[in-house]
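Quick notes on the structure that follows.
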Amino acid sequence: MALKQDLYHLYHGHDAKARLFRFAILAFDVGTIIFFIASSLIRDEPWIYLADAVIAAFIIVDLAARFWISPNRASMFRQLTTWADIVVIITLLLPTILESFLFLRVLRALRLLRSYRMLADLRDEFSFFRRNEEVIQSVVNLLVFVFVMTALVYVFQIHTNPKITNYIDALYFTVTALTTTGFGDITLEGTSGRLLSIVILLIGVALFLRLVQTIFRPPHVTFECPDCGLKRHDTDAVHCKHCGRILHIATEGEGD
């Protein structure tokens, strides 16, 4: 069908029209995440429910289009991003029934920079992205991680903890916990809160510090091997791990 071919071209094509379409989707994803965070500070406004319905419609159309053109539809149901979209759609269409789970909407952040085609577009269009791809990816992963951990705090504490009344309160606690600052002005209450605090401190802190480290000290450098063409190497690499050629990578001499 012509429509199916046109959609496939928009999602996977290489021309300017297809790239503009995918950049528009990326902008939509970023915009929806910002809206989800901002709307937590506003209660029971009619326009918010209308905006939720419009966003849900766009996500449904996007998900249906990707499912229709997919050569392997079964594999889509094994992808975390597919189930994240489904959860987001449900919370958008049933906001009053699922009020306690509204901030699972931030799972939409899992879509950011997860498409190979999108990464290729950004590499081709923006030299800044090519030079700083690993750092940018690490920043996005860090933000997604913080958003998801904050969503868990929000969901489990919004109705039981008087100190957590919106997403910003949950974000504040999550960041102070992950950075081990622990001011103590906000703590998680109840057994579930204490268990969640343990998870954040034991697992979250380690992952958080690792992600921060990759931002300020990327584990690889970009240097194309003259023989085999391998572009990603350890920062202290002397030989290419694929062909063994001696490399001359500029380094500041700071090894682990």
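Every chain in the structure tokens has a letter given in the order shown (A, B, ...), and although residue numbers restart at 1 in each chain, ligands are simply numbered from 1 in the order shown.
The protein and nucleic acid residues lying at most 12 Å from Asn161 (chain A) are A:Val153, A:Tyr154, A:Val155, A:Phe156, A:Gln157, A:Ile158, A:His159, A:Lys163, A:Ile164, A:Thr165, A:Asn166, A:Asp169, A:Ala170, A:Ile186, A:Thr187, A:Leu188, A:Glu189, A:Gly190, A:Ser192, A:Gly193, with only C-alpha atoms considered and sequence neighbours fewer than 2 positions away removed.
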Store the residues picked out above, limited to N, CA, C and O atoms, as a compact mmCIF listing (two decimals), in the first residue's frame.
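Generated file (again33.txt):
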```
# COMPACT_ATOMS: atom_id res chain seq x y z
N VAL A 153 9.10 7.22 43.63
CA VAL A 153 8.91 7.94 44.90
C VAL A 153 7.55 8.62 44.92
O VAL A 153 6.80 8.56 45.91
N TYR A 154 7.20 9.27 43.83
CA TYR A 154 5.93 9.99 43.74
C TYR A 154 4.75 9.05 43.90
O TYR A 154 3.81 9.31 44.67
N VAL A 155 4.77 7.93 43.15
CA VAL A 155 3.65 6.99 43.16
C VAL A 155 3.41 6.42 44.55
O VAL A 155 2.27 6.32 45.02
N PHE A 156 4.49 6.05 45.24
CA PHE A 156 4.35 5.37 46.53
C PHE A 156 4.13 6.32 47.70
O PHE A 156 3.70 5.89 48.77
N GLN A 157 4.40 7.63 47.51
CA GLN A 157 4.36 8.54 48.65
C GLN A 157 3.34 9.68 48.54
O GLN A 157 3.05 10.33 49.54
N ILE A 158 2.77 9.90 47.35
CA ILE A 158 1.93 11.08 47.15
C ILE A 158 0.72 11.12 48.08
O ILE A 158 0.29 12.17 48.53
N HIS A 159 0.15 9.96 48.42
CA HIS A 159 -1.06 9.94 49.26
C HIS A 159 -0.78 9.62 50.72
O HIS A 159 -1.69 9.66 51.55
N LYS A 163 4.83 15.49 53.15
CA LYS A 163 5.95 16.30 52.66
C LYS A 163 6.16 16.16 51.16
O LYS A 163 6.95 16.90 50.58
N ILE A 164 5.47 15.20 50.53
CA ILE A 164 5.57 15.02 49.08
C ILE A 164 4.19 15.27 48.49
O ILE A 164 3.31 14.41 48.54
N THR A 165 4.00 16.46 47.96
CA THR A 165 2.70 16.86 47.41
C THR A 165 2.70 17.00 45.90
O THR A 165 1.63 17.14 45.29
N ASN A 166 3.87 16.97 45.28
CA ASN A 166 3.96 17.05 43.82
C ASN A 166 5.25 16.40 43.35
O ASN A 166 6.07 15.94 44.16
N ASP A 169 8.64 17.81 44.71
CA ASP A 169 9.04 17.31 46.03
C ASP A 169 9.72 15.95 45.90
O ASP A 169 10.74 15.69 46.55
N ALA A 170 9.12 15.07 45.07
CA ALA A 170 9.71 13.74 44.87
C ALA A 170 11.07 13.84 44.19
O ALA A 170 12.00 13.10 44.53
N ILE A 186 12.98 15.92 54.00
CA ILE A 186 11.98 15.03 53.42
C ILE A 186 12.48 13.61 53.54
O ILE A 186 13.59 13.29 53.10
N THR A 187 11.68 12.75 54.14
CA THR A 187 12.00 11.33 54.25
C THR A 187 10.80 10.52 53.80
O THR A 187 9.66 11.01 53.84
N LEU A 188 11.02 9.30 53.36
CA LEU A 188 9.94 8.44 52.90
C LEU A 188 9.33 7.71 54.10
O LEU A 188 10.05 7.18 54.93
N GLU A 189 8.01 7.70 54.14
CA GLU A 189 7.31 7.15 55.30
C GLU A 189 6.74 5.77 55.01
O GLU A 189 6.48 5.42 53.86
N GLY A 190 6.52 5.00 56.09
CA GLY A 190 5.94 3.68 55.97
C GLY A 190 6.95 2.63 55.55
O GLY A 190 8.09 2.93 55.18
N SER A 192 6.85 0.65 52.89
CA SER A 192 7.17 0.74 51.46
C SER A 192 8.16 1.88 51.21
O SER A 192 9.05 1.77 50.38
N GLY A 193 8.00 2.99 51.95
CA GLY A 193 8.92 4.12 51.79
C GLY A 193 10.33 3.78 52.21
O GLY A 193 11.30 4.15 51.55
```
Next item on the list: Determine which residues of region 64-203 of chain A DSSP labels as helix (DSSP H, G or I) from the backbone of this structure, then write them out as a PyMOL selection string.
Entry: chain A and resi 64-69+73-76+80-93+99-111+116-125+127-131+133-157+167-178+190-203
In terms of only C-alpha atoms, the residue from A:Leu202, A:Ala57, A:Ser197, A:Arg19 at minimal distance from Leu92 (chain A) is A:Ala57
List the spatial neighbours of Val88 (chain A) as number ranges by chain - criterion: any atom at most 7 Å away, only C-alpha atoms, same-chain residues fewer than 4 positions off excluded. A: 84, 92, 104-105, 108
